[in-house]
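Source file: start-v1.cif. Holds: mmCIF, C-alpha atoms.
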```cif
data_my_file
#
loop_
_atom_site.group_PDB
_atom_site.id
_atom_site.type_symbol
_atom_site.label_atom_id
_atom_site.label_comp_id
_atom_site.auth_asym_id
_atom_site.auth_seq_id
_atom_site.Cartn_x
_atom_site.Cartn_y
_atom_site.Cartn_z
ATOM 1 C CA MET A 55 -21.722 51.324 1.763
ATOM 2 C CA SER A 56 -20.711 47.820 0.835
ATOM 3 C CA ASN A 57 -17.526 47.167 -0.934
ATOM 4 C CA SER A 58 -18.475 45.914 -4.371
ATOM 5 C CA LEU A 59 -15.014 44.740 -5.077
ATOM 6 C CA SER A 60 -14.459 41.160 -3.968
ATOM 7 C CA GLN A 61 -11.018 39.830 -3.533
ATOM 8 C CA LYS A 62 -10.417 36.388 -4.856
ATOM 9 C CA SER A 63 -8.741 34.594 -1.985
ATOM 10 C CA LEU A 64 -5.658 32.661 -2.896
ATOM 11 C CA PRO A 65 -5.394 29.114 -1.557
ATOM 12 C CA ILE A 66 -3.212 28.834 1.498
ATOM 13 C CA THR A 67 -0.150 26.751 0.775
ATOM 14 C CA ARG A 68 2.773 25.471 2.738
ATOM 15 C CA ARG A 69 5.954 23.694 1.828
ATOM 16 C CA GLU A 70 7.375 20.616 3.504
ATOM 17 C CA ILE A 71 10.797 19.099 3.017
ATOM 18 C CA GLY A 72 10.435 15.472 1.978
ATOM 19 C CA ALA A 73 12.644 12.731 3.340
ATOM 20 C CA GLY A 74 13.177 11.681 -0.266
ATOM 21 C CA LEU A 75 10.716 9.412 -2.025
ATOM 22 C CA ALA A 76 13.577 7.194 -3.131
ATOM 23 C CA PHE A 77 14.996 6.860 0.367
ATOM 24 C CA ALA A 78 12.045 6.900 2.731
ATOM 25 C CA GLU A 79 9.038 6.170 0.548
ATOM 26 C CA GLU A 80 6.844 4.689 3.283
ATOM 27 C CA TYR A 81 7.650 7.541 5.667
ATOM 28 C CA ASP A 82 6.786 10.277 3.155
ATOM 29 C CA LEU A 83 3.606 8.504 2.010
ATOM 30 C CA GLN A 84 2.444 8.202 5.630
ATOM 31 C CA ARG A 85 3.120 11.900 6.164
ATOM 32 C CA LEU A 86 1.058 12.733 3.090
ATOM 33 C CA SER A 87 -1.854 10.720 4.536
ATOM 34 C CA LYS A 88 -1.479 12.526 7.849
ATOM 35 C CA TRP A 89 -1.476 15.941 6.189
ATOM 36 C CA ALA A 90 -4.473 15.006 4.056
ATOM 37 C CA ALA A 91 -6.379 14.095 7.220
ATOM 38 C CA GLU A 92 -5.417 17.490 8.652
ATOM 39 C CA GLY A 93 -6.727 19.286 5.552
ATOM 40 C CA TRP A 94 -3.598 19.711 3.435
ATOM 41 C CA ARG A 95 -3.558 18.232 -0.046
ATOM 42 C CA LEU A 96 -0.435 17.669 -2.114
ATOM 43 C CA VAL A 97 -0.257 19.823 -5.251
ATOM 44 C CA LYS A 98 3.368 19.673 -6.320
ATOM 45 C CA VAL A 99 6.613 17.810 -5.697
ATOM 46 C CA LYS A 100 9.892 19.343 -6.737
ATOM 47 C CA ASN A 101 13.253 17.877 -5.777
ATOM 48 C CA MET A 102 13.105 17.526 -2.013
ATOM 49 C CA SER A 103 10.078 19.672 -1.275
ATOM 50 C CA MET A 104 6.347 19.003 -1.316
ATOM 51 C CA VAL A 105 3.881 21.859 -1.780
ATOM 52 C CA LEU A 106 0.614 21.435 0.100
ATOM 53 C CA GLU A 107 -2.598 23.422 -0.335
ATOM 54 C CA GLN A 108 -5.274 23.862 2.314
ATOM 55 C CA SER A 109 -8.378 21.846 1.500
ATOM 56 C CA ALA A 110 -11.061 19.692 3.069
ATOM 57 C CA PRO A 111 -9.675 16.922 5.289
ATOM 58 C CA GLU A 112 -9.799 13.466 3.776
ATOM 59 C CA GLN A 113 -8.896 9.973 4.936
ATOM 60 C CA VAL A 114 -6.700 8.662 2.139
ATOM 61 C CA VAL A 115 -3.668 6.516 1.544
ATOM 62 C CA PHE A 116 -0.971 7.359 -0.954
ATOM 63 C CA ALA A 117 1.004 5.168 -3.332
ATOM 64 C CA ILE A 118 3.911 5.816 -5.651
ATOM 65 C CA ASP A 119 4.781 4.130 -8.920
ATOM 66 C CA TYR A 120 7.552 4.511 -11.463
ATOM 67 C CA GLN A 121 6.643 4.455 -15.151
ATOM 68 C CA ASP A 122 8.560 6.207 -17.883
ATOM 69 C CA ALA A 123 6.069 8.523 -19.623
ATOM 70 C CA PRO A 124 2.990 6.278 -19.371
ATOM 71 C CA ASP A 125 0.028 6.957 -21.617
ATOM 72 C CA ALA A 126 -3.530 7.926 -20.631
ATOM 73 C CA GLU A 127 -4.536 4.273 -20.245
ATOM 74 C CA TYR A 128 -2.270 3.940 -17.191
ATOM 75 C CA PHE A 129 -4.028 6.745 -15.318
ATOM 76 C CA ALA A 130 -7.445 5.516 -16.477
ATOM 77 C CA LEU A 131 -6.770 1.998 -15.141
ATOM 78 C CA CYS A 132 -5.622 3.383 -11.795
ATOM 79 C CA ALA A 133 -8.665 5.638 -11.584
ATOM 80 C CA THR A 134 -10.978 2.701 -12.307
ATOM 81 C CA ALA A 135 -9.410 0.864 -9.375
ATOM 82 C CA GLY A 136 -9.985 3.844 -7.096
ATOM 83 C CA TRP A 137 -6.530 5.423 -7.273
ATOM 84 C CA GLN A 138 -6.719 9.104 -8.159
ATOM 85 C CA HIS A 139 -3.635 10.600 -9.775
ATOM 86 C CA VAL A 140 -2.203 13.445 -7.658
ATOM 87 C CA VAL A 141 1.075 14.574 -9.210
ATOM 88 C CA SER A 142 3.806 13.312 -11.483
ATOM 89 C CA VAL A 143 7.469 14.244 -11.226
ATOM 90 C CA GLU A 144 9.409 14.464 -14.469
ATOM 91 C CA HIS A 145 6.935 12.041 -16.119
ATOM 92 C CA VAL A 146 8.496 9.085 -14.276
ATOM 93 C CA ILE A 147 7.391 9.280 -10.643
ATOM 94 C CA HIS A 148 3.618 9.139 -10.151
ATOM 95 C CA LEU A 149 1.783 9.722 -6.895
ATOM 96 C CA PHE A 150 -1.752 8.462 -6.344
ATOM 97 C CA LYS A 151 -4.250 8.606 -3.498
ATOM 98 C CA ALA A 152 -7.241 6.440 -2.659
ATOM 99 C CA PRO A 153 -9.737 6.032 0.190
ATOM 100 C CA LEU A 154 -8.645 3.852 3.101
ATOM 101 C CA GLY A 155 -9.126 0.161 2.360
ATOM 102 C CA THR A 156 -8.663 0.443 -1.402
ATOM 103 C CA PRO A 157 -6.776 -2.621 -2.707
ATOM 104 C CA ALA A 158 -3.115 -1.944 -3.435
ATOM 105 C CA ILE A 159 -2.123 -0.270 -6.667
ATOM 106 C CA PHE A 160 0.230 -3.133 -7.494
ATOM 107 C CA SER A 161 0.693 -6.733 -6.544
ATOM 108 C CA VAL A 162 3.054 -7.680 -3.753
ATOM 109 C CA ALA A 163 5.047 -9.670 -6.293
ATOM 110 C CA ASP A 164 5.376 -6.537 -8.423
ATOM 111 C CA MET A 165 7.163 -4.532 -5.709
ATOM 112 C CA THR A 166 10.554 -5.824 -6.823
ATOM 113 C CA THR A 167 9.889 -5.021 -10.472
ATOM 114 C CA LYS A 168 8.662 -1.569 -9.399
ATOM 115 C CA TYR A 169 12.069 -0.784 -7.835
ATOM 116 C CA GLN A 170 13.856 -2.396 -10.779
ATOM 117 C CA ARG A 171 11.911 -0.049 -13.041
ATOM 118 C CA ALA A 172 12.831 2.905 -10.836
ATOM 119 C CA ALA A 173 16.523 1.959 -10.786
ATOM 120 C CA ARG A 174 16.465 1.530 -14.561
ATOM 121 C CA ILE A 175 14.848 4.970 -15.052
ATOM 122 C CA PHE A 176 17.466 6.703 -12.894
ATOM 123 C CA ALA A 177 20.463 4.685 -14.107
ATOM 124 C CA LYS A 178 21.146 6.502 -17.356
ATOM 125 C CA PRO A 179 20.815 10.094 -16.043
ATOM 126 C CA ALA A 180 22.826 9.104 -12.944
ATOM 127 C CA ILE A 181 25.655 7.689 -15.038
ATOM 128 C CA TRP A 182 25.712 10.558 -17.528
ATOM 129 C CA SER A 183 25.488 13.301 -14.913
ATOM 130 C CA SER A 184 28.230 11.663 -12.813
ATOM 131 C CA VAL A 185 30.504 11.333 -15.853
ATOM 132 C CA ALA A 186 29.722 14.973 -16.725
ATOM 133 C CA LEU A 187 30.574 16.009 -13.157
ATOM 134 C CA VAL A 188 33.923 14.220 -13.198
ATOM 135 C CA LEU A 189 34.778 15.657 -16.621
ATOM 136 C CA ALA A 190 33.677 19.133 -15.528
ATOM 137 C CA VAL A 191 35.790 19.061 -12.359
ATOM 138 C CA VAL A 192 38.825 17.710 -14.200
ATOM 139 C CA GLY A 193 38.297 20.128 -17.077
ATOM 140 C CA PHE A 194 37.725 23.192 -14.924
ATOM 141 C CA PHE A 195 40.675 22.575 -12.653
ATOM 142 C CA GLY A 196 42.792 21.521 -15.573
ATOM 143 C CA TRP A 197 43.092 23.259 -18.868
ATOM 144 C CA ILE A 198 40.096 25.636 -18.639
ATOM 145 C CA GLN A 199 41.371 27.380 -15.512
ATOM 146 C CA GLN A 200 44.885 27.513 -16.974
ATOM 147 C CA TRP A 201 43.503 29.006 -20.192
ATOM 148 C CA LEU A 202 41.454 31.630 -18.312
ATOM 149 C CA VAL A 203 44.418 32.747 -16.246
ATOM 150 C CA THR A 204 47.046 32.923 -18.990
ATOM 151 C CA ASN A 205 45.178 33.887 -22.129
ATOM 152 C CA VAL A 206 42.448 36.385 -21.259
ATOM 153 C CA ASN A 207 41.873 39.651 -19.538
ATOM 154 C CA PRO A 208 41.599 39.228 -15.705
ATOM 155 C CA MET A 209 38.020 40.578 -15.672
ATOM 156 C CA VAL A 210 36.989 38.187 -18.432
ATOM 157 C CA ALA A 211 38.738 35.399 -16.550
ATOM 158 C CA LEU A 212 36.740 36.210 -13.418
ATOM 159 C CA VAL A 213 33.467 36.178 -15.346
ATOM 160 C CA GLY A 214 34.528 32.921 -16.969
ATOM 161 C CA LYS A 215 35.221 31.391 -13.568
ATOM 162 C CA ILE A 216 31.820 32.497 -12.254
ATOM 163 C CA VAL A 217 30.081 30.968 -15.283
ATOM 164 C CA ALA A 218 32.125 27.801 -14.800
ATOM 165 C CA THR A 219 31.091 27.730 -11.142
ATOM 166 C CA ILE A 220 27.409 27.998 -12.016
ATOM 167 C CA VAL A 221 27.702 25.241 -14.639
ATOM 168 C CA LEU A 222 29.625 23.016 -12.219
ATOM 169 C CA PHE A 223 27.004 23.575 -9.510
ATOM 170 C CA ALA A 224 24.172 22.707 -11.934
ATOM 171 C CA ILE A 225 25.911 19.500 -13.013
ATOM 172 C CA ALA A 226 26.643 18.544 -9.398
ATOM 173 C CA THR A 227 23.015 19.108 -8.361
ATOM 174 C CA THR A 228 21.757 16.964 -11.245
ATOM 175 C CA SER A 229 24.213 14.260 -10.315
ATOM 176 C CA ILE A 230 23.106 14.267 -6.673
ATOM 177 C CA PHE A 231 19.400 14.080 -7.534
ATOM 178 C CA THR A 232 19.903 11.155 -9.892
ATOM 179 C CA LEU A 233 22.807 9.226 -8.387
ATOM 180 C CA LEU A 234 21.485 9.096 -4.809
ATOM 181 C CA PRO A 235 17.989 7.874 -5.790
ATOM 182 C CA TRP A 236 19.525 5.243 -8.094
ATOM 183 C CA LEU A 237 21.732 4.108 -5.198
ATOM 184 C CA ALA A 238 18.718 4.016 -2.863
ATOM 185 C CA TYR A 239 16.743 1.781 -5.253
ATOM 186 C CA ARG A 240 19.711 -0.544 -5.789
ATOM 187 C CA LEU A 241 20.180 -0.880 -2.035
ATOM 188 C CA ARG A 242 16.469 -1.559 -1.579
ATOM 189 C CA LEU A 243 16.646 -4.294 -4.208
ATOM 190 C CA ALA A 244 19.630 -5.726 -2.375
ATOM 191 C CA GLY A 245 17.428 -6.013 0.680
ATOM 192 C CA MET A 246 18.753 -3.002 2.521
ATOM 193 C CA GLN A 247 16.323 -0.330 3.635
ATOM 194 C CA PHE A 248 18.116 2.884 2.903
ATOM 195 C CA ARG A 249 16.371 4.736 5.692
ATOM 196 C CA MET A 250 16.975 8.404 5.651
ATOM 197 C CA ASN A 251 15.697 11.060 7.902
ATOM 198 C CA ARG A 252 16.120 14.772 7.911
ATOM 199 C CA VAL A 253 19.262 14.661 10.056
ATOM 200 C CA VAL A 254 21.033 12.227 7.744
ATOM 201 C CA PHE A 255 19.971 14.271 4.724
ATOM 202 C CA VAL A 256 21.320 17.443 6.296
ATOM 203 C CA VAL A 257 24.613 15.697 7.082
ATOM 204 C CA ILE A 258 25.008 14.302 3.561
ATOM 205 C CA PHE A 259 24.158 17.575 1.867
ATOM 206 C CA THR A 260 26.403 19.503 4.247
ATOM 207 C CA ILE A 261 29.318 17.235 3.372
ATOM 208 C CA LEU A 262 28.572 17.429 -0.343
ATOM 209 C CA GLY A 263 28.041 21.173 -0.098
ATOM 210 C CA GLY A 264 31.333 21.551 1.736
ATOM 211 C CA ILE A 265 33.209 19.567 -0.894
ATOM 212 C CA LEU A 266 31.564 21.529 -3.682
ATOM 213 C CA GLY A 267 32.217 24.816 -1.878
ATOM 214 C CA TYR A 268 35.875 23.899 -1.480
ATOM 215 C CA PHE A 269 36.257 23.199 -5.183
ATOM 216 C CA LEU A 270 34.300 26.271 -6.196
ATOM 217 C CA GLY A 271 36.224 28.491 -3.800
ATOM 218 C CA SER A 272 39.497 27.165 -5.195
ATOM 219 C CA LEU A 273 38.236 27.838 -8.694
ATOM 220 C CA ILE A 274 37.242 31.441 -8.044
ATOM 221 C CA LEU A 275 40.060 32.452 -5.744
ATOM 222 C CA SER A 276 42.890 30.912 -7.767
ATOM 223 C CA MET B 280 5.529 -16.879 -16.719
ATOM 224 C CA ASN B 281 4.416 -15.398 -13.389
ATOM 225 C CA ASP B 282 0.915 -15.629 -11.945
ATOM 226 C CA SER B 283 -0.104 -12.117 -13.034
ATOM 227 C CA GLN B 284 0.879 -12.820 -16.635
ATOM 228 C CA PHE B 285 -0.955 -16.146 -16.549
ATOM 229 C CA TYR B 286 -4.229 -14.676 -15.309
ATOM 230 C CA ILE B 287 -4.085 -11.720 -17.698
ATOM 231 C CA LEU B 288 -3.339 -13.944 -20.700
ATOM 232 C CA ALA B 289 -6.241 -16.220 -19.765
ATOM 233 C CA ALA B 290 -8.565 -13.239 -19.367
ATOM 234 C CA LEU B 291 -7.684 -12.031 -22.869
ATOM 235 C CA VAL B 292 -8.549 -15.209 -24.768
ATOM 236 C CA VAL B 293 -11.334 -12.982 -26.067
ATOM 237 C CA PRO B 294 -10.756 -9.283 -26.866
ATOM 238 C CA ARG B 295 -11.256 -7.016 -23.861
ATOM 239 C CA HIS B 296 -10.406 -3.552 -22.645
ATOM 240 C CA GLY B 297 -7.732 -3.293 -20.010
ATOM 241 C CA TYR B 298 -10.221 -2.077 -17.413
ATOM 242 C CA ALA B 299 -12.572 -4.980 -18.264
ATOM 243 C CA VAL B 300 -9.713 -7.354 -17.465
ATOM 244 C CA MET B 301 -9.229 -5.599 -14.144
ATOM 245 C CA GLN B 302 -12.956 -5.790 -13.327
ATOM 246 C CA MET B 303 -12.972 -9.461 -14.250
ATOM 247 C CA LEU B 304 -9.999 -10.238 -12.021
ATOM 248 C CA MET B 305 -11.528 -8.248 -9.151
ATOM 249 C CA GLU B 306 -14.817 -10.136 -9.403
ATOM 250 C CA VAL B 307 -13.293 -13.578 -9.598
ATOM 251 C CA ASP B 308 -12.449 -14.918 -6.178
ATOM 252 C CA ILE B 309 -8.749 -15.269 -6.707
ATOM 253 C CA GLN B 310 -7.454 -16.024 -3.245
ATOM 254 C CA THR B 311 -3.820 -16.209 -4.073
ATOM 255 C CA ILE B 312 -3.196 -13.091 -6.085
ATOM 256 C CA HIS B 313 -4.085 -9.443 -6.268
ATOM 257 C CA ILE B 314 -3.355 -7.669 -9.551
ATOM 258 C CA GLY B 315 -3.377 -3.942 -9.071
ATOM 259 C CA PRO B 316 -3.905 -1.450 -11.917
ATOM 260 C CA ALA B 317 -0.217 -0.503 -12.092
ATOM 261 C CA THR B 318 0.749 -4.168 -12.278
ATOM 262 C CA LEU B 319 -1.894 -4.751 -14.955
ATOM 263 C CA TYR B 320 -0.594 -1.865 -17.046
ATOM 264 C CA THR B 321 3.017 -3.014 -16.782
ATOM 265 C CA THR B 322 2.097 -6.637 -17.518
ATOM 266 C CA LEU B 323 -0.010 -5.716 -20.555
ATOM 267 C CA ARG B 324 2.924 -3.810 -21.999
ATOM 268 C CA GLN B 325 5.304 -6.694 -21.274
ATOM 269 C CA LEU B 326 2.999 -9.226 -22.911
ATOM 270 C CA VAL B 327 2.516 -7.033 -25.988
ATOM 271 C CA GLU B 328 6.289 -6.564 -26.290
ATOM 272 C CA ALA B 329 6.764 -10.332 -25.943
ATOM 273 C CA GLY B 330 4.268 -10.946 -28.741
ATOM 274 C CA LEU B 331 1.828 -12.833 -26.520
ATOM 275 C CA LEU B 332 -0.845 -10.131 -26.731
ATOM 276 C CA GLU B 333 -1.774 -7.624 -29.387
ATOM 277 C CA ARG B 334 -3.724 -4.402 -29.332
ATOM 278 C CA CYS B 335 -6.623 -4.760 -31.704
ATOM 279 C CA ALA B 336 -8.368 -1.432 -31.198
ATOM 280 C CA SER B 337 -8.333 1.730 -29.183
ATOM 281 C CA ASP B 338 -10.913 4.339 -28.277
ATOM 282 C CA GLY B 339 -8.900 7.108 -26.733
ATOM 283 C CA THR B 340 -7.627 6.102 -23.309
ATOM 284 C CA SER B 341 -8.876 2.554 -23.439
ATOM 285 C CA LYS B 342 -7.163 -0.067 -25.574
ATOM 286 C CA ILE B 343 -8.539 -3.487 -26.486
ATOM 287 C CA TYR B 344 -6.201 -6.418 -26.173
ATOM 288 C CA VAL B 345 -6.412 -10.017 -27.319
ATOM 289 C CA ILE B 346 -4.158 -13.035 -27.065
ATOM 290 C CA THR B 347 -2.018 -13.897 -30.099
ATOM 291 C CA THR B 348 -1.415 -17.382 -31.508
ATOM 292 C CA GLU B 349 1.940 -17.445 -29.757
ATOM 293 C CA GLY B 350 0.262 -16.295 -26.559
ATOM 294 C CA ARG B 351 -2.316 -19.076 -26.833
ATOM 295 C CA ASN B 352 0.448 -21.656 -27.302
ATOM 296 C CA ARG B 353 2.312 -20.322 -24.282
ATOM 297 C CA LEU B 354 -0.876 -20.380 -22.225
ATOM 298 C CA ASN B 355 -1.544 -23.999 -23.202
ATOM 299 C CA ASP B 356 2.034 -24.932 -22.334
ATOM 300 C CA GLU B 357 1.698 -23.215 -18.957
ATOM 301 C CA ILE B 358 -1.600 -24.973 -18.243
ATOM 302 C CA ALA B 359 0.032 -28.317 -19.053
ATOM 303 C CA ARG B 360 2.960 -27.477 -16.806
ATOM 304 C CA LYS B 361 0.766 -26.470 -13.893
ATOM 305 C CA ARG B 362 -1.420 -29.539 -14.408
ATOM 306 C CA ALA B 363 1.663 -31.773 -14.246
ATOM 307 C CA MET B 364 2.702 -30.053 -11.017
ATOM 308 C CA VAL B 365 -0.726 -30.599 -9.460
ATOM 309 C CA ASP B 366 -0.857 -34.243 -10.601
ATOM 310 C CA PHE B 367 2.571 -34.860 -9.109
ATOM 311 C CA ALA B 368 1.547 -33.357 -5.776
ATOM 312 C CA LEU B 369 -1.760 -35.262 -5.700
ATOM 313 C CA GLN B 370 0.064 -38.489 -6.452
ATOM 314 C CA ALA B 371 2.536 -37.815 -3.672
ATOM 315 C CA LEU B 372 -0.272 -37.057 -1.218
ATOM 316 C CA ASP B 373 -2.183 -40.216 -2.256
ATOM 317 C CA GLN B 374 0.791 -42.360 -1.325
ATOM 318 C CA TYR B 375 0.609 -41.118 2.243
ATOM 319 C CA LEU B 376 -3.163 -41.187 2.716
#
```
Just give me the structure of the file as structure tokens.
Amino acid sequence: MSNSLSQKSLPITRREIGAGLAFAEEYDLQRLSKWAAEGWRLVKVKNMSMVLEQSAPEQVVFAIDYQDAPDAEYFALCATAGWQHVVSVEHVIHLFKAPLGTPAIFSVADMTTKYQRAARIFAKPAIWSSVALVLAVVGFFGWIQQWLVTNVNPMVALVGKIVATIVLFAIATTSIFTLLPWLAYRLRLAGMQFRMNRVVFVVIFTILGGILGYFLGSLILS
Amino acid sequence: MNDSQFYILAALVVPRHGYAVMQMLMEVDIQTIHIGPATLYTTLRQLVEAGLLERCASDGTSKIYVITTEGRNRLNDEIARKRAMVDFALQALDQYL
């Protein structure tokens, strides 16, 4: 007796940690081409990770551009030139793919303005999130902690500290993911290739995580 | 005015869609410059913001652009400037030939 029920097979996906499009753009774009040739197409980019879905192998090159909330004409122009839109990240980072040999998505002379655009896009959130982080650290270790310890019930104070920890962690994460890319683009414009690899990323995040953990531990245990 | 802006302004002396400009620039044998779609999009926006181009119509995703009076004046000035540069260089070369 045949089974009349057919299971809809879910696409096979895998996740890869990116080197950081801001820091190692060429490296990550080459990896995307390699994975595409092996039958893995990019479906999503979130923070440092890229989600790939199994698909037919294809020989393509990838390109990245920075435009703040472009309209439909932007994607239509790129498509006309052979560049298919793949994903966008936060409406500012746009990844495209095209068959090998397709003329570049922008002029060589436009590369500098591309990174100027990118630095400009990240500048405001980087500044605001860094200011927020400094204010949050000063505030939490200053009068907020004092107020929690002296004016409220110890259980309420503990809950308050946990909430403060979560808020501080969220602000710190936002600051990292805006400040570091902004710095990378500024260094690239200054002629320095801010080359990052997984080891360097792990070191930086370990240091930052250690600093954050120290502050958070002090906050909770005090 | 950079080369991309110059070519795009010249291509929009008559009203055209953005993609028609791109097709035109791809077909013309421009040895010295490649204007990609992202560059074209950025440059069109810059030229509109500078008042050198205006959008005269739109049909969904595709907008039609045309040069403004100010844009035409700037283009003429740029042509005169480039012509003076070429004349200077030709004169200099003639002296040594």
Output the residue selection produced by the PyMOL selection byres ((chain A and resi 220) around 12) on the file above, formatted as a list of chain:residue names.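 On this input, the PyMOL selection byres ((chain A and resi 220) around 12) captures A:Ala190, A:Phe194, A:Val213, A:Gly214, A:Lys215, A:Ile216, A:Val217, A:Ala218, A:Thr219, A:Val221, A:Leu222, A:Phe223, A:Ala224, A:Ile225, A:Ala226, A:Thr227, A:Leu266, A:Gly267, A:Leu270, A:Leu273, A:Ile274.
Against the coordinates shown, the PyMOL selection byres ((chain A) within 10 of (chain B)) returns Ile118, Asp119, Tyr120, Gln121, Pro124, Asp125, Ala126, Glu127, Tyr128, Phe129, Ala130, Leu131, Cys132, Ala133, Thr134, Ala135, Gly136, Trp137, Pro157, Ala158, Ile159, Phe160, Ser161, Val162, Ala163, Asp164, Met165, Thr167 and Lys168 of chain A.
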Restricted to C-alpha atoms, what would the selected residues look like written as a short mmCIF file (atom, residue, chain, number, x, y, z; two decimals), keeping the file's coordinate frame?
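The result, written out as again03.cif:
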```
data_model
loop_
_atom_site.label_atom_id
_atom_site.label_comp_id
_atom_site.auth_asym_id
_atom_site.auth_seq_id
_atom_site.Cartn_x
_atom_site.Cartn_y
_atom_site.Cartn_z
CA ILE A 118 3.91 5.82 -5.65
CA ASP A 119 4.78 4.13 -8.92
CA TYR A 120 7.55 4.51 -11.46
CA GLN A 121 6.64 4.46 -15.15
CA PRO A 124 2.99 6.28 -19.37
CA ASP A 125 0.03 6.96 -21.62
CA ALA A 126 -3.53 7.93 -20.63
CA GLU A 127 -4.54 4.27 -20.24
CA TYR A 128 -2.27 3.94 -17.19
CA PHE A 129 -4.03 6.74 -15.32
CA ALA A 130 -7.44 5.52 -16.48
CA LEU A 131 -6.77 2.00 -15.14
CA CYS A 132 -5.62 3.38 -11.80
CA ALA A 133 -8.66 5.64 -11.58
CA THR A 134 -10.98 2.70 -12.31
CA ALA A 135 -9.41 0.86 -9.38
CA GLY A 136 -9.98 3.84 -7.10
CA TRP A 137 -6.53 5.42 -7.27
CA PRO A 157 -6.78 -2.62 -2.71
CA ALA A 158 -3.12 -1.94 -3.44
CA ILE A 159 -2.12 -0.27 -6.67
CA PHE A 160 0.23 -3.13 -7.49
CA SER A 161 0.69 -6.73 -6.54
CA VAL A 162 3.05 -7.68 -3.75
CA ALA A 163 5.05 -9.67 -6.29
CA ASP A 164 5.38 -6.54 -8.42
CA MET A 165 7.16 -4.53 -5.71
CA THR A 167 9.89 -5.02 -10.47
CA LYS A 168 8.66 -1.57 -9.40
#
```
Atom-to-atom span, atom CA of Thr166 of chain A and atom CA of Leu354 of chain B, Å: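 Those two atoms sit 24.1 Å apart.
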Selection result for the PyMOL selection byres ((chain A and resi 107-114) around 12) on this file, as a VMD selection string: chain A and resid 64 to 70 83 to 98 104 to 106 115 to 117 136 to 138 140 150 to 156
Just the number, please: distance in Å from atom CA of Leu187 of chain A to atom CA of Leu237 of chain A, one decimal.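 The value is 16.8 Å.
Atom pair atom CA of Ser142 of chain A / atom CA of Glu80 of chain A: separated by 17.4 Å.
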Serialized segment 169-180 of chain A w/ N, CA and C atoms as an mmCIF file, in the first residue's frame:
```
data_model
loop_
_atom_site.group_PDB
_atom_site.id
_atom_site.type_symbol
_atom_site.label_atom_id
_atom_site.label_comp_id
_atom_site.auth_asym_id
_atom_site.auth_seq_id
_atom_site.Cartn_x
_atom_site.Cartn_y
_atom_site.Cartn_z
ATOM 1 N N TYR A 169 32.540 53.646 -0.202
ATOM 2 C CA TYR A 169 32.933 53.508 1.197
ATOM 3 C C TYR A 169 32.630 54.784 1.981
ATOM 4 N N GLN A 170 32.638 55.923 1.307
ATOM 5 C CA GLN A 170 32.213 57.160 1.972
ATOM 6 C C GLN A 170 30.744 57.078 2.343
ATOM 7 N N ARG A 171 29.948 56.520 1.418
ATOM 8 C CA ARG A 171 28.521 56.332 1.674
ATOM 9 C C ARG A 171 28.332 55.397 2.856
ATOM 10 N N ALA A 172 29.086 54.294 2.865
ATOM 11 C CA ALA A 172 28.975 53.311 3.933
ATOM 12 C C ALA A 172 29.342 53.933 5.274
ATOM 13 N N ALA A 173 30.454 54.691 5.294
ATOM 14 C CA ALA A 173 30.889 55.318 6.547
ATOM 15 C C ALA A 173 29.836 56.315 7.032
ATOM 16 N N ARG A 174 29.247 57.032 6.081
ATOM 17 C CA ARG A 174 28.221 58.021 6.428
ATOM 18 C C ARG A 174 26.994 57.323 7.021
ATOM 19 N N ILE A 175 26.600 56.184 6.444
ATOM 20 C CA ILE A 175 25.419 55.451 6.914
ATOM 21 C C ILE A 175 25.641 54.966 8.335
ATOM 22 N N PHE A 176 26.850 54.480 8.639
ATOM 23 C CA PHE A 176 27.117 53.916 9.961
ATOM 24 C C PHE A 176 27.518 54.971 10.994
ATOM 25 N N ALA A 177 27.844 56.180 10.543
ATOM 26 C CA ALA A 177 28.381 57.180 11.470
ATOM 27 C C ALA A 177 27.380 57.545 12.566
ATOM 28 N N LYS A 178 26.168 57.888 12.149
ATOM 29 C CA LYS A 178 25.197 58.347 13.151
ATOM 30 C C LYS A 178 24.855 57.249 14.157
ATOM 31 N N PRO A 179 24.447 56.038 13.722
ATOM 32 C CA PRO A 179 24.167 55.003 14.729
ATOM 33 C C PRO A 179 25.375 54.653 15.574
ATOM 34 N N ALA A 180 26.597 54.725 14.999
ATOM 35 C CA ALA A 180 27.801 54.422 15.772
ATOM 36 C C ALA A 180 27.994 55.464 16.869
#
```
